[in-house]
Amino acid sequence: MSPPDLAPTEPILAARGITKRFPGVLALDHVDLEIQAGEIHAVLGQNGAGKTTLMNILFGLLQPDEGALYLREQRIRFRSPHDALARGIGMVHQTRRLVSAHTVLENIALGHPRTRGFLNLRSTRLEVEALGNRYGFTVPLGARVWQLSEGERQWVEILKALYRGAEILILDEPTAALTPPEVKTLLAGLQTLVRDHGVTVLLVTHKLPIVMAVSHRVTVLRSGRVVARLRTADAAEESLVQHMIGRDIAFRTMNRSAEMGRPLLQVEQLSAFNDKGLLALRGVSFSLREGEVLGVAGVTGNGQEELAQVLAGLRPAASGRVRLDGRDVTRLSPLQRWRMGVGYIPAERIEVASIATFSLVENTALNYHFDPAFIRRGLLDNAGLEQLTQRIVTTYNVKAPSQYARAQHLSGGNLQKLILGRVLSRNPRLLIAHLPTQGLDVEAAAFVRATLVEATAEGAAVLLISEDLDEILSLSDWVAPIYEGRFGAIIPRAEAGAETVGAMMAGVGMKEAGVR
Amino acid sequence: MWELVARSLEASTIFLFAALGELIDQRSGVLNVGLEGLMLFGGTAAFITAQTTGSHALGFLAGLTLGGLLGLGHGFFSITLRGDQVVSGMGLWILSFGLTTYLGSPYTGPLGLGRIPSLWGLSPFFPLGVALVAITWLLLFRTGLGLAIRSAGENPAAAEASGIPVTSIRFLCVALGGMLAGLSGATYTLSYNPVWNYNFLMGWGFVSLALVFFSMWNPWILLAGASLFGIMWQLSLSPELILPGVLSRYVWRTVPFAITIPILCIISTPWFRTRWGLAKPEALGRPYAKG
Amino acid sequence: MRLGRYELTLEPRPARPAIFTALTAVVAILLALALSSFLFLSSDTRLIDAYRAVFSYAFFNPHGVLATVHRSIYLLFCTYAFLVPFRAGLWNIGLPGQVYAGGLAAFAVPFVLRTHNPQTLALPPGLLIVLMIAAAAAAGAATGGFAGLLRAKLQVNEILVTMMLNSILFWLVAYMIKEGGPFMSATGEGESFGLPSSLHAPLLLGVPVTAVLALCVAVLLDLLFAKTALGYRIRAFGENPAAARYGGIIPVALSLLVFLLGGAFAALAGYHYFAAVPGVYKIPGNYGYYGDLGFYGIIAALIARGSSLGAVPIVVLFAGLSVGARFAQGELRLPFGVDYALLGLLMMTFVASHVLYHFRFGWRRIPSEALQPVPTELPRG
Ligand SMILES: Nc1ncnc2c1ncn2[C@@H]1O[C@H](COP(=O)(O)OP(=O)(O)O)[C@@H](O)[C@H]1O
Ligand SMILES: [Mg+2]
């Protein structure tokens, strides 16, 4: 698309000299950001760069420690999102901000000035429908939010912002949880909004292709500082990557020896319910040999969590069977599976895989407190655990003040390395890794990936569950797109193209679930 | 017979007021397990005030005020400091249990004021309770404020992002909830049983708390539940009206408490949860931090 | 919060050394004692005399000291009963109910074996005493375990269940000892039959054997949590149940276990008070008072932050205060319930110290730039 006239005019929204500190972190360091009316302005930066913090300040959710905001060159302070909304700034957050138990209409009406006093949802409905028609998209207003797909939820949030009269729309990582076709629809929709309706869009992302595809200008953040400010048309992808990361790290396919070992895991027609009592995993079958990686690609919420938990023994199977070494383990407890060599890295590092108030040593013990080698007459062998922790810290390069620091004081990447090290130190034969690199910075993510590859070299079978298609394609021997609890197919890596897998992640062109 | 019914309905208003306050609290996401404490304090303050001033109205006012203040105290700990709401609630209860025993003991005995006039033998508080149920229902489900309250209890981050001041909303709710709990205690000591005794509530507040869970956070179901428990309570006090001579009267006193446990179990079964459980405010008991 | 040019902020404390933990406990207790001066103000005695009366009776008067010791043992068991489930993140407020269950079960042994009538003594008294203790512990464990099981299996709120059990057992005791109930004393005074002297718990230096038990448990519990795998599991479950489950811990078994233990401890408190304290040896008519006294166990465990040994001095102090306050009440004509008021005050100062424990106050000078008025409303357009 052709960028609009980008002659430097007065910015519609500007942040100048913004500094924000969190305990122990300088999240933003004198950041300047200027947005012109009618543009799509991309803010690019890797995880932890400070993008979300900056957006939260623009939206009044956080207050800057230093610096100020300017709306049409007038200094302004947003005490809360309420103020920002009243000034025509709407935000679609990185994680959905919708009440899932309420209807779409109730969500859109929430907080609107018109809802003071009695609710009149009927007139709201008419207005929202009219608005949707004008911008050319519809969402089911009567449905409850939890019934919608992630793509639909995103549109609900956009529509909600527009209904509030937003002229400046901030979208924080809007594509994170979308399937490739949904991403396409979203980007096209945003372009229409900007071109035909004069909306200004501030698009926050760590994904370069998106920046290149739709933005007019781009501001690159690194470690809380602005490192580049460019017109997209003038920017080369490589230089943006360099700005973002600080040096060259190319994403490459991991080279792995192709030797596969004995069959290890057979999963037959496995189904499971989610916490709401709905069938979330619907008859998944596959098998895995030692040294193999099966990459399950899909957008979160399509049964991946249930799959991982059922395999780890943390959720009962509704039907189907799991065999390890030919032995039926479907009904075994998590502990019994640990003992048979099943290692599990849950997606929730803080909520499930670690104990925030426990020290590193005590967190290591989480996978060892049943191990007879670490128990003497009922007492935990603390010296042994200390040694083990020290080994993990050194081998996996965990940066921590001490072994007795609390896990809550570790950064996400270091915590994940500790968890990974702890699980791998048990030499699992089957490793279930669920979103192992989510939220990590590029270096930590690369380290985690390399470690997974190493584990396969030692003969472990890996079930890698990820949203990141590139990650899946670079690590897996087999790729299984998952959609609504079913595998679309199980495709050998050599035949798996990003397009076909991406389409299947969205439920397009699902073949009969193939069983190898 | 009518007397028994009227008395039962009066008993149920005490459950109802307290539980309605707790329901509003919980709808906004704040759990106050110290409900009994608020009632003890409200009841004692009302009793002492009424006895010293000779005015029922001032008594109720004192109960309402103290209840509201204690509710705000719970709010400060659980909303502002983001402390553990169970710690704060239990603290409030033990605090009340201890202090009211001390403060109230010089006043042990009957109130000594005339009874509050009744309508055909029915305490005026019951119609007031029904009206409050209707008002609460209207507030929660038919107003923008109610939508904001429910959203704050389901997903405070979403509410904040929509421009709702979650903290203020929650404070409003704990204050309202506290006042209703204070009213409940005052109704007990000024109308239902105008005698001050050591630990006079003996579990009414905890039963009310359980009623909120039974109600699936719906004021109308709460009204039904409270009425049922009012009747049960009254019958447990005078079982001879129905089953004269069967079992000791002490055994009958255990019945309302004993029935609570199986009901709690039923509403906790997976079957019930998947069918009706969606009503539980998602963020109940969880502190909320902006950003 | 803003005060002029300065801003008062609350920040989470990053690290809390052990000495700080002890210090907050001491501060909480001292503060409660200071606040309790107000309770004594209402009487016409001087404040210092009131305190002297309380403390000298509780810790120096021979009768008072014994009463303090008896009460300490009782409260220690109540403290453990709350503490063990609390380390697993669960609230056992069923102390009174479990105390009553223990008392009833202990008295059921001589009742069933008809040994409260000295003529028909069937078994050696030593064995009977052991049986009574075992029966009490079993009954308390069952009462507590019931709540634990419901919690574990169905996620039923344990606070509600234990509270309901308190009321149920309160009335069951009334049924058993009053108005012709099975345990009613021959005199028909609304209290239970007295234990024959052969069934009184043996005394060591005038103190019942339960004291030894209580002190041993104090040491063992701290060891359990600090050193053993089981203690680790309980703590892990208390801090993060989801992580514990991930780590192979079975939630049902663990919740049940801590409540069985907790219930048994509370029941031992019941056994101690009703069957081991010289001069009692019966379930008295005012048993409700002893039951409610058990709530001191909650606050002792909270202030000691889950350490059983740390709870010992706290409990002794509380026991002395409540014994001394009861005495001073009579002497100085204070109103009833000074000991309860103290319980409430302690809870208040505990919550306050809890805040200080987790947060620190910070003063920040607001930069003058930020003080300049900035419009939050602009004309649109
Ligand atoms: N509420 C918070 N408390 C402490 N640290 C935070 C908080 N929010 C963000 N941070 C830290 O600030 C930095 C920037 O985070 P964020 O803005 O979320 O980055 P991005 O959105 O670019 O991934 C990170 O180091 C993060 O850990
Ligand atoms: Mg972000």
# chains A, B, ... in the order shown; residues from 1 in each chain; ligands from 1
>>> residues_near_ligand(ligand="ligand 1", cutoff="9 Å", atoms="only C-alpha atoms and all ligand atoms", output="count of residues only")
40
>>> interface_residues(of="chain A", to="chain B", cutoff="8 Å", atoms="only C-alpha atoms", output="PyMOL selection string")
chain A and resi 56+61-62+80-83+85+91+96-99+101+106+110-112+115-119+276-277
>>> residues_around(residues="C:Ala101", least_positions_apart="5", cutoff="7 Å", atoms="only C-alpha atoms", output="JSON, numbers by chain")
{"C": [136, 139, 140, 169, 267]}
>>> interface_residues(of="chain B", to="chain C", cutoff="10 Å", atoms="only C-alpha atoms", output="ChimeraX atom specification")
/B:33,77,80-83,86-88,90-106,198-199,202-203,206-207,209-210,213,247-262,264-270
>>> atom_distance(atom1="atom CA of B:Glu36", atom2="atom CA of B:Leu23")
14.1 Å
>>> atom_distance(atom1="atom CA of B:Val30", atom2="atom CA of B:Trp220")
20.5 Å
>>> residues_around(residues="A:Ala433", least_positions_apart="4", cutoff="12 Å", atoms="only C-alpha atoms", output="PyMOL selection string")
chain A and resi 293-296+304-305+307-309+311-312+342-349+353+416+419-420+423-424+428+437-438+448-449+451-453+455+460-466+472
>>> write_last_selection(atoms="N, CA and C atoms", output="short mmCIF file (atom, residue, chain, number, x, y, z; two decimals), in the first residue's frame")
data_model
loop_
_atom_site.label_atom_id
_atom_site.label_comp_id
_atom_site.auth_asym_id
_atom_site.auth_seq_id
_atom_site.Cartn_x
_atom_site.Cartn_y
_atom_site.Cartn_z
N VAL A 293 11.18 -35.50 17.40
CA VAL A 293 10.43 -34.35 17.89
C VAL A 293 9.13 -34.24 17.11
N LEU A 294 8.00 -34.25 17.83
CA LEU A 294 6.71 -33.97 17.19
C LEU A 294 6.31 -32.56 17.59
N GLY A 295 6.15 -31.71 16.61
CA GLY A 295 5.76 -30.34 16.91
C GLY A 295 4.27 -30.17 16.74
N VAL A 296 3.58 -29.82 17.82
CA VAL A 296 2.14 -29.57 17.74
C VAL A 296 1.95 -28.07 17.58
N GLN A 304 -4.33 -28.00 23.34
CA GLN A 304 -2.92 -28.31 23.61
C GLN A 304 -2.68 -28.55 25.08
N GLU A 305 -3.24 -27.66 25.91
CA GLU A 305 -3.01 -27.77 27.34
C GLU A 305 -3.54 -29.11 27.85
N LEU A 307 -3.95 -31.82 26.13
CA LEU A 307 -3.08 -32.89 25.62
C LEU A 307 -1.86 -33.06 26.53
N ALA A 308 -1.21 -31.94 26.82
CA ALA A 308 0.00 -32.02 27.65
C ALA A 308 -0.33 -32.57 29.03
N GLN A 309 -1.43 -32.09 29.60
CA GLN A 309 -1.77 -32.51 30.97
C GLN A 309 -2.17 -33.99 31.02
N LEU A 311 -1.10 -36.32 29.05
CA LEU A 311 0.11 -37.12 28.90
C LEU A 311 0.94 -37.10 30.18
N ALA A 312 0.90 -35.97 30.91
CA ALA A 312 1.68 -35.88 32.15
C ALA A 312 0.95 -36.50 33.33
N VAL A 342 8.81 -39.69 32.12
CA VAL A 342 8.08 -38.63 31.45
C VAL A 342 8.43 -37.30 32.12
N GLY A 343 8.98 -36.38 31.35
CA GLY A 343 9.29 -35.05 31.89
C GLY A 343 8.34 -34.04 31.29
N TYR A 344 7.91 -33.08 32.12
CA TYR A 344 6.89 -32.13 31.64
C TYR A 344 7.31 -30.72 31.97
N ILE A 345 7.32 -29.88 30.96
CA ILE A 345 7.56 -28.45 31.17
C ILE A 345 6.27 -27.71 30.85
N PRO A 346 5.52 -27.33 31.88
CA PRO A 346 4.22 -26.69 31.63
C PRO A 346 4.39 -25.29 31.06
N ALA A 347 3.34 -24.82 30.43
CA ALA A 347 3.40 -23.47 29.87
C ALA A 347 3.44 -22.43 30.97
N GLU A 348 2.81 -22.72 32.12
CA GLU A 348 2.74 -21.72 33.19
C GLU A 348 3.94 -21.89 34.10
N ARG A 349 4.99 -21.13 33.79
CA ARG A 349 6.22 -21.24 34.58
C ARG A 349 5.99 -20.87 36.02
N ALA A 353 4.89 -24.49 37.28
CA ALA A 353 6.18 -25.18 37.25
C ALA A 353 7.12 -24.76 38.35
N GLN A 416 12.88 -20.15 33.46
CA GLN A 416 12.62 -21.22 32.51
C GLN A 416 13.85 -22.12 32.38
N ILE A 419 13.90 -24.42 35.31
CA ILE A 419 12.89 -25.48 35.18
C ILE A 419 13.35 -26.53 34.17
N LEU A 420 13.83 -26.02 33.05
CA LEU A 420 14.31 -26.92 31.99
C LEU A 420 15.43 -27.79 32.54
N VAL A 423 14.13 -30.44 34.97
CA VAL A 423 13.43 -31.55 34.32
C VAL A 423 14.42 -32.42 33.55
N LEU A 424 15.35 -31.78 32.84
CA LEU A 424 16.28 -32.57 32.03
C LEU A 424 17.28 -33.32 32.89
N PRO A 428 14.77 -37.42 31.23
CA PRO A 428 13.48 -37.98 30.80
C PRO A 428 13.63 -38.65 29.44
N THR A 437 9.32 -21.44 24.97
CA THR A 437 10.06 -20.18 24.76
C THR A 437 9.16 -18.96 24.85
N GLN A 438 7.90 -19.15 25.26
CA GLN A 438 6.99 -18.02 25.27
C GLN A 438 7.46 -16.92 26.22
N VAL A 448 17.02 -22.27 24.97
CA VAL A 448 16.06 -23.32 25.27
C VAL A 448 15.90 -24.26 24.09
N ARG A 449 15.82 -23.69 22.90
CA ARG A 449 15.67 -24.54 21.71
C ARG A 449 16.88 -25.46 21.54
N THR A 451 18.82 -26.52 23.77
CA THR A 451 18.81 -27.54 24.81
C THR A 451 17.85 -28.68 24.46
N LEU A 452 16.71 -28.32 23.88
CA LEU A 452 15.76 -29.36 23.48
C LEU A 452 16.40 -30.26 22.43
N VAL A 453 17.09 -29.65 21.49
CA VAL A 453 17.74 -30.44 20.44
C VAL A 453 18.77 -31.38 21.06
N ALA A 455 18.70 -32.65 23.97
CA ALA A 455 18.02 -33.74 24.66
C ALA A 455 17.65 -34.84 23.67
N ALA A 460 16.05 -38.66 23.90
CA ALA A 460 14.72 -38.33 24.41
C ALA A 460 13.78 -38.04 23.24
N ALA A 461 12.53 -38.44 23.42
CA ALA A 461 11.50 -38.04 22.47
C ALA A 461 10.88 -36.76 22.99
N VAL A 462 10.62 -35.81 22.10
CA VAL A 462 10.10 -34.52 22.54
C VAL A 462 8.76 -34.25 21.89
N LEU A 463 7.79 -33.88 22.72
CA LEU A 463 6.53 -33.37 22.20
C LEU A 463 6.57 -31.87 22.41
N LEU A 464 6.75 -31.14 21.34
CA LEU A 464 6.89 -29.68 21.43
C LEU A 464 5.57 -29.05 21.05
N ILE A 465 4.98 -28.32 22.01
CA ILE A 465 3.71 -27.65 21.73
C ILE A 465 3.98 -26.17 21.68
N SER A 466 3.68 -25.54 20.56
CA SER A 466 4.05 -24.13 20.43
C SER A 466 3.07 -23.39 19.53
N ILE A 472 8.38 -24.39 15.51
CA ILE A 472 7.96 -25.76 15.22
C ILE A 472 8.70 -26.27 13.99
#
>>> interface_residues(of="chain A", to="chain C", cutoff="7 Å", atoms="only C-alpha atoms", output="list in words")
Ile76, Arg77, Phe78, Pro334, Leu335, Glu351, Val352, Ala353, Ser354, Ile355, Leu366, Asn367, His369, Gly378, Leu379 and Leu380 of chain A
>>> atom_distance(atom1="atom CA of C:Ile234", atom2="atom CA of C:Leu254")
7.0 Å
>>> residues_around(residues="C:Asn286", least_positions_apart="4", cutoff="10 Å", atoms="only C-alpha atoms", output="PyMOL selection string")
chain C and resi 174+190-191+290-291
>>> residues_around(residues="A:Leu324", least_positions_apart="5", cutoff="7 Å", atoms="only C-alpha atoms", output="list of chain:residue names")
A:Leu264, A:Leu265, A:Gln266, A:Val329
>>> write_last_selection(atoms="C-alpha atoms", output="PDB file, in the first residue's frame")
ATOM      1  CA  LEU A 264       8.486 -45.040  22.723  1.00  0.00           C
ATOM      2  CA  LEU A 265       5.067 -43.491  22.905  1.00  0.00           C
ATOM      3  CA  GLN A 266       1.763 -44.520  21.356  1.00  0.00           C
ATOM      4  CA  VAL A 329      -0.025 -45.739  31.337  1.00  0.00           C
TER       5      VAL A 329
END
>>> residues_around(residues="A:Leu473", least_positions_apart="4", cutoff="8 Å", atoms="only C-alpha atoms", output="list in words")
Thr253, Gly295, Leu469, Val479, Arg493, Ala496 and Ala498 of chain A
>>> closest_residue(among="C:Leu95, C:Ile48, C:Ile314, C:Leu131", to="C:Val112", atoms="only C-alpha atoms")
C:Leu131
